[in-house]
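> Got input_23.cif for you, mmCIF, C-alpha atoms:
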data_start
loop_
_atom_site.label_atom_id
_atom_site.label_comp_id
_atom_site.auth_asym_id
_atom_site.auth_seq_id
_atom_site.Cartn_x
_atom_site.Cartn_y
_atom_site.Cartn_z
CA MET E 199 0.00 0.00 0.00
CA GLY E 200 1.65 3.13 -1.22
CA ILE E 201 0.00 5.47 1.20
CA MET E 202 1.11 3.63 4.26
CA ARG E 203 4.27 5.20 5.46
CA ASP E 204 6.77 3.03 7.13
CA ARG E 205 6.66 3.30 10.87
CA LYS E 206 9.77 1.34 11.65
CA ARG E 207 11.63 3.63 13.93
CA PRO E 208 11.06 7.03 15.35
CA PRO E 209 13.08 9.73 13.63
CA SER E 210 16.01 11.20 15.46
CA SER E 211 15.64 14.62 16.91
CA ALA E 212 17.32 17.85 15.91
CA THR E 213 19.29 18.01 19.12
CA SER E 214 20.80 14.53 18.74
CA PRO E 215 24.23 16.02 17.94
CA CYS E 216 24.27 17.36 21.49
CA ALA E 217 23.68 13.96 23.05
CA ASP E 218 27.11 13.60 24.66
CA LEU E 219 27.16 17.11 26.06
CA ARG E 220 23.62 16.63 27.28
CA THR E 221 24.53 13.41 29.07
CA ALA E 222 27.52 15.07 30.69
CA TYR E 223 25.39 17.95 31.92
CA HIS E 224 22.51 15.79 33.12
CA ASN E 225 24.85 13.43 34.99
CA CYS E 226 26.44 16.39 36.70
CA PHE E 227 23.06 17.94 37.46
CA ASN E 228 21.66 14.72 38.92
CA ARG E 229 24.67 14.34 41.19
CA TRP E 230 24.44 17.95 42.31
CA TYR E 231 20.70 17.64 42.95
CA SER E 232 20.96 14.50 45.08
CA GLU E 233 24.18 15.19 46.89
CA GLN E 234 24.08 18.92 47.43
CA PHE E 235 20.80 20.63 46.68
CA LEU E 236 18.70 18.14 48.63
CA LYS E 237 21.09 18.35 51.53
CA GLY E 238 20.66 22.06 51.97
CA GLN E 239 23.68 23.20 49.97
CA TRP E 240 21.71 25.40 47.64
CA ASP E 241 23.90 28.47 47.69
CA LYS E 242 25.17 27.91 44.17
CA ILE E 243 24.45 25.84 41.12
CA GLU E 244 27.21 23.55 39.94
CA CYS E 245 27.99 22.10 36.53
CA VAL E 246 28.56 25.52 35.00
CA SER E 247 31.09 24.45 32.38
CA GLU E 248 29.00 21.41 31.39
CA TRP E 249 25.98 23.70 31.06
CA GLU E 250 27.82 26.27 28.94
CA LYS E 251 29.01 23.67 26.45
CA TYR E 252 25.66 21.94 26.23
CA ARG E 253 23.78 25.21 25.87
CA GLU E 254 26.08 26.35 23.12
CA CYS E 255 25.35 23.17 21.20
CA LEU E 256 21.61 23.50 21.77
CA SER E 257 21.54 27.04 20.50
CA GLN E 258 23.09 25.82 17.26
CA HIS E 259 20.80 22.85 16.74
CA LEU E 260 17.53 23.86 18.21
CA ASP E 261 15.80 24.89 15.04
CA ASP E 262 12.34 24.91 16.53
CA LYS E 263 11.48 28.54 17.10
CA HIS E 264 9.05 27.77 19.90
CA LEU E 265 11.72 25.97 21.81
CA SER E 266 14.41 28.54 21.18
CA ARG E 267 12.30 31.04 23.04
CA PHE E 268 12.85 29.05 26.20
CA LEU E 269 16.57 28.67 25.77
CA GLU E 270 17.39 31.69 27.82
CA ALA E 271 15.55 32.24 31.04
CA ASP E 272 12.97 34.39 29.23
CA GLY E 273 9.47 33.15 29.64
CA ILE E 274 10.36 31.01 32.58
CA ALA E 275 8.28 33.11 34.95
CA ASP E 276 5.22 32.67 32.80
CA LEU E 277 5.67 28.94 32.71
CA ASN E 278 6.36 28.64 36.36
CA SER E 279 3.17 30.37 37.27
CA ARG E 280 1.48 27.52 35.47
CA ALA E 281 3.17 25.07 37.76
CA GLU E 282 1.21 26.37 40.68
CA PHE E 283 -1.79 24.20 41.15
CA ALA E 284 -5.01 26.00 40.49
CA THR E 285 -6.98 23.46 42.39
CA ARG E 286 -5.95 20.88 44.86
CA VAL E 287 -6.27 17.35 43.59
CA SER E 288 -8.32 15.36 45.99
CA MET I 199 -1.28 11.08 17.59
CA LEU I 200 0.17 13.42 20.00
CA CYS I 201 -1.63 12.37 23.04
CA GLY I 202 0.13 9.18 23.90
CA LEU I 203 1.26 12.17 25.58
CA PHE I 204 3.62 12.65 28.11
CA ALA I 205 2.79 9.65 30.15
CA LEU I 206 5.14 11.21 32.44
CA GLU I 207 3.63 9.80 35.48
CA ASN I 208 1.99 7.03 37.03
CA ALA I 209 -0.87 5.97 39.12
CA ASN I 210 -4.11 4.20 38.82
CA VAL I 211 -6.05 6.08 36.30
CA SER I 212 -9.58 5.31 37.14
CA ASP I 213 -11.62 7.05 39.65
CA SER I 214 -12.07 10.69 39.18
CA ILE I 215 -12.64 11.04 35.49
CA SER I 216 -14.97 13.84 34.79
CA ASP I 217 -16.33 15.31 31.63
CA LEU I 218 -16.40 19.01 31.81
CA GLU I 219 -18.63 21.30 29.92
CA ILE I 220 -17.47 24.21 32.00
CA SER I 221 -14.83 26.67 31.03
CA PRO I 222 -11.38 25.19 31.34
CA ARG I 223 -10.37 28.42 32.94
CA ALA I 224 -12.25 27.38 36.02
CA LEU I 225 -9.79 24.55 36.32
CA PHE I 226 -6.71 26.20 34.92
CA PRO I 227 -7.08 29.92 35.27
CA CYS I 228 -3.69 30.50 33.69
CA TRP I 229 -4.74 29.18 30.35
CA ASN I 230 -4.55 31.63 27.54
CA SER I 231 -8.01 33.04 27.60
CA ARG I 232 -7.66 34.59 24.18
CA ARG I 233 -7.64 31.18 22.63
CA ILE I 234 -10.45 29.82 24.68
CA GLN I 235 -13.08 32.43 24.16
CA GLY I 236 -15.74 31.76 21.62
CA GLU I 237 -14.89 28.14 20.97
CA LYS I 238 -16.91 25.15 21.83
CA LYS I 239 -15.12 23.58 24.71
CA MET I 240 -14.35 19.98 24.98
CA VAL I 241 -12.20 19.28 27.92
CA ARG I 242 -11.50 16.21 29.86
CA ALA I 243 -9.69 16.38 33.11
CA TYR I 244 -8.27 13.53 35.06
CA SER I 245 -6.75 13.42 38.43
CA GLN I 246 -4.75 10.64 39.92
CA GLU I 247 -2.93 9.94 43.11
CA HIS I 248 -0.18 7.50 43.92
CA THR I 249 1.86 6.82 47.02
CA TYR I 250 5.49 5.92 46.60
CA LYS I 251 6.89 4.12 49.60
CA HIS I 252 10.11 6.02 49.24
CA PRO I 253 11.19 9.32 50.79
CA TRP I 254 10.56 12.53 48.91
CA GLU I 255 14.26 13.09 48.21
CA ARG I 256 14.55 9.75 46.44
CA VAL I 257 11.36 10.13 44.46
CA THR I 258 12.29 13.56 43.14
CA SER I 259 15.78 12.34 42.23
CA ALA I 260 14.10 9.51 40.33
CA SER I 261 11.86 11.98 38.57
CA TRP I 262 14.86 13.84 37.16
CA ARG I 263 16.50 10.65 35.99
CA LYS I 264 13.68 8.59 34.65
CA PHE I 265 14.01 9.58 31.00
CA ALA I 266 17.76 9.21 30.86
CA ASP I 267 18.20 5.70 32.17
CA PRO I 268 18.84 3.29 29.26
CA GLU I 269 16.44 0.69 30.58
CA ASN I 270 13.71 3.25 31.02
CA LYS I 271 14.32 4.48 27.51
CA ARG I 272 13.08 1.19 26.19
CA THR I 273 9.92 1.39 28.26
CA LEU I 274 9.31 5.04 27.54
CA SER I 275 10.27 4.73 23.91
CA HIS I 276 7.90 7.50 22.87
CA ILE I 277 10.17 10.02 24.60
CA LEU I 278 12.88 10.74 22.06
CA GLU I 279 14.85 13.49 23.71
CA VAL I 280 14.82 15.48 26.90
CA ASP I 281 16.72 18.75 26.72
CA THR I 282 17.22 21.23 29.49
CA LEU I 283 16.53 24.73 28.20
CA SER I 284 17.06 26.79 31.30
CA HIS I 285 17.68 26.50 34.97
CA LYS I 286 17.68 28.98 37.75
CA LEU I 287 18.48 28.72 41.42
CA GLU I 288 17.16 31.02 44.10
CA PRO I 289 19.83 30.51 46.72
CA THR I 290 18.10 32.38 49.53
CA LEU I 291 14.89 30.40 49.17
CA GLY I 292 16.32 27.03 48.22
CA ARG I 293 14.22 26.96 45.08
CA LEU I 294 15.21 25.49 41.76
CA TYR I 295 13.45 26.36 38.51
CA THR I 296 14.02 24.27 35.42
CA THR I 297 12.58 24.25 31.93
CA ARG I 298 12.99 21.20 29.77
CA ALA I 299 11.90 20.31 26.26
CA LEU I 300 10.51 16.86 25.67
CA THR I 301 10.53 15.55 22.14
CA ILE I 302 7.85 12.95 21.83
CA HIS I 303 7.22 10.53 19.04
CA ALA I 304 3.51 10.26 18.65
CA PRO I 305 2.57 8.25 15.60
CA GLY I 306 -1.12 8.07 14.89
CA PRO I 307 -3.32 6.62 12.21
CA TRP I 308 -2.04 7.53 8.77
CA PHE I 309 -4.96 9.84 8.03
CA LEU I 310 -4.19 11.91 11.08
CA ARG I 311 -0.56 12.17 10.13
CA LYS I 312 -1.70 13.30 6.71
CA ILE I 313 -3.68 16.12 8.26
CA ILE I 314 -1.19 17.10 10.87
CA GLY I 315 1.89 16.47 8.76
CA GLN I 316 4.20 15.35 11.51
CA ASP I 317 4.48 12.76 14.17
CA ILE I 318 6.90 14.54 16.45
CA CYS I 319 5.59 16.71 19.20
CA HIS I 320 7.46 19.11 21.40
CA CYS I 321 6.37 19.67 24.94
CA VAL I 322 7.73 22.04 27.50
CA GLU I 323 8.02 20.96 31.09
CA SER I 324 8.63 23.46 33.83
CA THR I 325 9.61 22.35 37.28
CA VAL I 326 9.86 24.10 40.61
CA VAL I 327 11.57 22.34 43.47
CA ASP I 328 11.33 23.90 46.88
CA ALA I 329 13.90 22.17 49.01
CA ARG I 330 12.84 23.92 52.20
CA SER I 331 9.23 22.87 52.12
CA ARG I 332 10.04 19.65 50.24
CA SER I 333 7.77 20.07 47.29
CA MET I 334 8.27 19.47 43.60
CA GLN I 335 5.82 20.69 40.99
CA LEU I 336 5.93 19.92 37.31
CA ALA I 337 3.76 21.34 34.58
CA THR I 338 3.99 20.02 31.05
CA ARG I 339 2.15 21.12 27.99
CA ASN I 340 2.50 20.70 24.27
CA ILE I 341 3.79 23.55 22.20
CA SER I 342 3.42 21.88 18.84
CA LEU I 343 0.09 20.92 17.33
CA GLN I 344 -1.67 23.38 19.54
CA LYS I 345 -4.27 24.07 16.92
CA TYR I 346 -5.44 20.48 17.17
CA ILE I 347 -5.07 19.60 20.78
CA GLU I 348 -3.90 20.98 24.07
CA VAL I 349 -2.68 18.72 26.76
CA GLU I 350 -1.54 19.93 30.12
CA GLU I 351 -0.21 17.70 32.81
CA LYS I 352 0.55 18.86 36.30
CA ILE I 353 2.29 16.70 38.81
CA ARG I 354 3.31 17.39 42.33
CA TYR I 355 5.34 15.37 44.77
CA ASP I 356 4.96 16.03 48.47
CA PRO I 357 5.89 14.13 51.60
CA HIS I 358 3.01 11.84 52.47
CA PRO I 359 1.07 13.33 55.40
CA GLU I 360 0.85 9.96 57.13
CA ASN I 361 4.54 9.18 56.86
CA PRO I 362 6.35 12.30 55.70
CA ASN I 363 9.88 10.98 56.12
CA GLU I 364 9.39 7.66 54.37
CA TRP I 365 6.63 8.08 51.81
CA THR I 366 5.81 10.43 49.00
CA ILE I 367 2.45 11.31 47.60
CA CYS I 368 2.16 12.09 43.92
CA ARG I 369 -0.82 14.01 42.67
CA GLN I 370 -1.46 14.49 39.04
CA GLU I 371 -3.92 16.44 36.97
CA THR I 372 -4.21 16.02 33.26
CA SER I 373 -6.44 17.91 30.94
CA ILE I 374 -6.91 17.09 27.31
CA ARG I 375 -8.66 19.45 24.98
CA ILE I 376 -9.34 18.65 21.37
CA LYS I 377 -9.90 21.66 19.18
CA PRO I 378 -13.15 21.41 17.31
CA LEU I 379 -11.52 21.79 13.97
CA SER I 380 -14.00 21.14 11.18
CA ALA I 381 -11.94 18.44 9.51
CA LEU I 382 -11.61 16.62 12.76
CA ALA I 383 -14.90 17.43 14.40
CA SER I 384 -16.65 14.19 13.63
CA MET I 385 -13.64 12.22 14.73
CA ALA I 386 -12.96 14.20 17.83
CA GLU I 387 -14.86 11.94 20.15
CA LYS I 388 -13.07 8.87 18.84
CA ILE I 389 -9.72 10.54 18.99
CA GLU I 390 -10.30 11.60 22.51
CA GLN I 391 -11.17 8.07 23.51
CA LYS I 392 -7.96 6.86 21.89
CA CYS I 393 -6.05 9.49 23.78
CA VAL I 394 -7.48 8.31 27.03
CA GLU I 395 -6.57 4.71 26.30
CA LYS I 396 -3.07 5.60 25.26
CA PHE I 397 -2.71 7.81 28.27
CA GLN I 398 -3.72 5.02 30.59
CA GLN I 399 -1.24 2.61 29.02
CA ASN I 400 1.57 5.11 29.26
CA SER I 401 0.62 6.07 32.78
CA VAL I 402 1.20 2.57 33.98
CA LYS I 403 4.58 2.52 32.23
CA GLY I 404 5.53 5.81 33.85
CA ARG I 405 4.77 4.52 37.30
CA GLU I 406 6.75 1.34 36.73
CA VAL I 407 9.71 3.39 35.63
CA MET I 408 9.49 5.61 38.70
CA GLU I 409 9.29 2.61 41.03
CA ARG I 410 12.29 1.00 39.34
CA MET I 411 14.28 4.21 39.51
CA CYS I 412 13.50 4.56 43.22
CA LYS I 413 14.63 1.01 43.92
CA TYR I 414 17.80 1.64 42.00
CA LEU I 415 18.54 4.83 43.93
CA GLU I 416 17.77 3.05 47.18
CA ALA I 417 20.24 0.30 46.37
CA GLU I 418 22.80 2.85 45.28
CA ALA I 419 22.45 4.77 48.54
CA ARG I 420 22.83 1.58 50.53
CA GLY I 421 25.91 0.62 48.56
CA ILE I 422 27.51 3.93 49.37
CA SER I 423 26.61 3.90 53.04
CA VAL I 424 27.71 0.28 53.69
#
Would you mind writing the file out in structure tokens?

Amino acid sequence: MGIMRDRKRPPSSATSPCADLRTAYHNCFNRWYSEQFLKGQWDKIECVSEWEKYRECLSQHLDDKHLSRFLEADGIADLNSRAEFATRVS
Amino acid sequence: MLCGLFALENANVSDSISDLEISPRALFPCWNSRRIQGEKKMVRAYSQEHTYKHPWERVTSASWRKFADPENKRTLSHILEVDTLSHKLEPTLGRLYTTRALTIHAPGPWFLRKIIGQDICHCVESTVVDARSRSMQLATRNISLQKYIEVEEKIRYDPHPENPNEWTICRQETSIRIKPLSALASMAEKIEQKCVEKFQQNSVKGREVMERMCKYLEAEARGISV
């Protein structure tokens, strides 16, 4: 059937080239979160160099305009207000 | 179809399913009212609750890691990528704000793909962790395909009131809104039903992944402390 497109595997994403930098950053972040942030050491965020490299890569490959808007902290306040629960789940 | 959705979380879907003919703003006042006005509303909202028998610290650590773990990737194969777009720490308050992009593979029936023209969906997840009060709140919504459907998922993790140091309660609200687009109007009901089914399947997967991640972190912590 010609109209059936093959559905073998999901396509890779635009940010795949950043996979290694992303893993490095996320590993660092997860360690910082568990070992420092949760233990009250929240005076500064770690993983700065990992973040810089990863972010640089993202800004090159993130071709989706919607997503690019979020790349800098702009818009974060708007989104975070959405995280507040309007109603309590019972 | 987009709404295999996030399936980010867990829990026994079941009980409190309610069809709403009321304005979604009553539920989610922050929704863009410009888009809502003047349209026929078709919203479904679901709420779920699940207790993890793990402390809040472990559960929230698991939440950050669940998409990255290779084994979880097989289970949550519809999540293609998770990218962190921004993070911000408020040192005086002990609050962490994070925005992440989730790239989701959401294949649907061929005719839907024909209409929509893509089977990748981007969602934005924003998270606030308050380490002082021990709360984590996540809100996820789609930013692609918004003219067809809007899905918003809110999750919060708090210490369980009955056993705050050992257990964590997860509360989740999901709302799915299909836009009454003329081409899709007659199918909307069917599509919505499909969404619900898919959502329930993925919900179960999400909970399994969270439980596995918690066990893993528990074992890891024990290994370190022994």
> Could you build a table of the residues in chain I lying no more than 6 Å from chain E, giving for each the nearest pair of atoms and their separation in Å rounded to one decimal place, using all atoms listed in the file, ordered by chain and ascending residue number, as CSV?

residue,atom,partner,partner_atom,distance
I:Phe226,CA,E:Ala284,CA,5.8
I:Leu283,CA,E:Leu269,CA,4.6
I:Ser284,CA,E:Ala271,CA,5.7
I:Pro289,CA,E:Asp241,CA,4.7
I:Gly292,CA,E:Trp240,CA,5.7
I:Leu336,CA,E:Ala281,CA,5.9
I:Ala337,CA,E:Ala281,CA,4.9
> May I have the residues at most 6 Å from (15.8, 16.8, 24.6) in the file's coordinates, counting only C-alpha atoms, as a list in words?
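Checked against the point, the hits come out as Glu279, Val280, Asp281, Ala299, Leu300 and Thr301 of chain I.
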> Would you mind reading off the distance between atom CA of I:His358 and atom CA of I:His248, one decimal, in Å?
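Atom-to-atom, atom CA of I:His358 and atom CA of I:His248 are spaced 10.1 Å apart.
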> Quote the spacing between atom CA of I:Ser259 and atom CA of I:Ser373 in Å to one decimal place.
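Atom CA of I:Ser373 lies 25.5 Å from atom CA of I:Ser259.
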> For the file shown, report as a list of chain:residue names the outcome of the PyMOL selection byres ((chain I and resi 357) around 9) at residue level.
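For this structure, the PyMOL selection byres ((chain I and resi 357) around 9) resolves to I:Pro253, I:Trp254, I:Arg332, I:Ser333, I:Tyr355, I:Asp356, I:His358, I:Pro359, I:Glu360, I:Asn361, I:Pro362, I:Asn363, I:Glu364, I:Trp365, I:Thr366, I:Ile367, I:Cys368.
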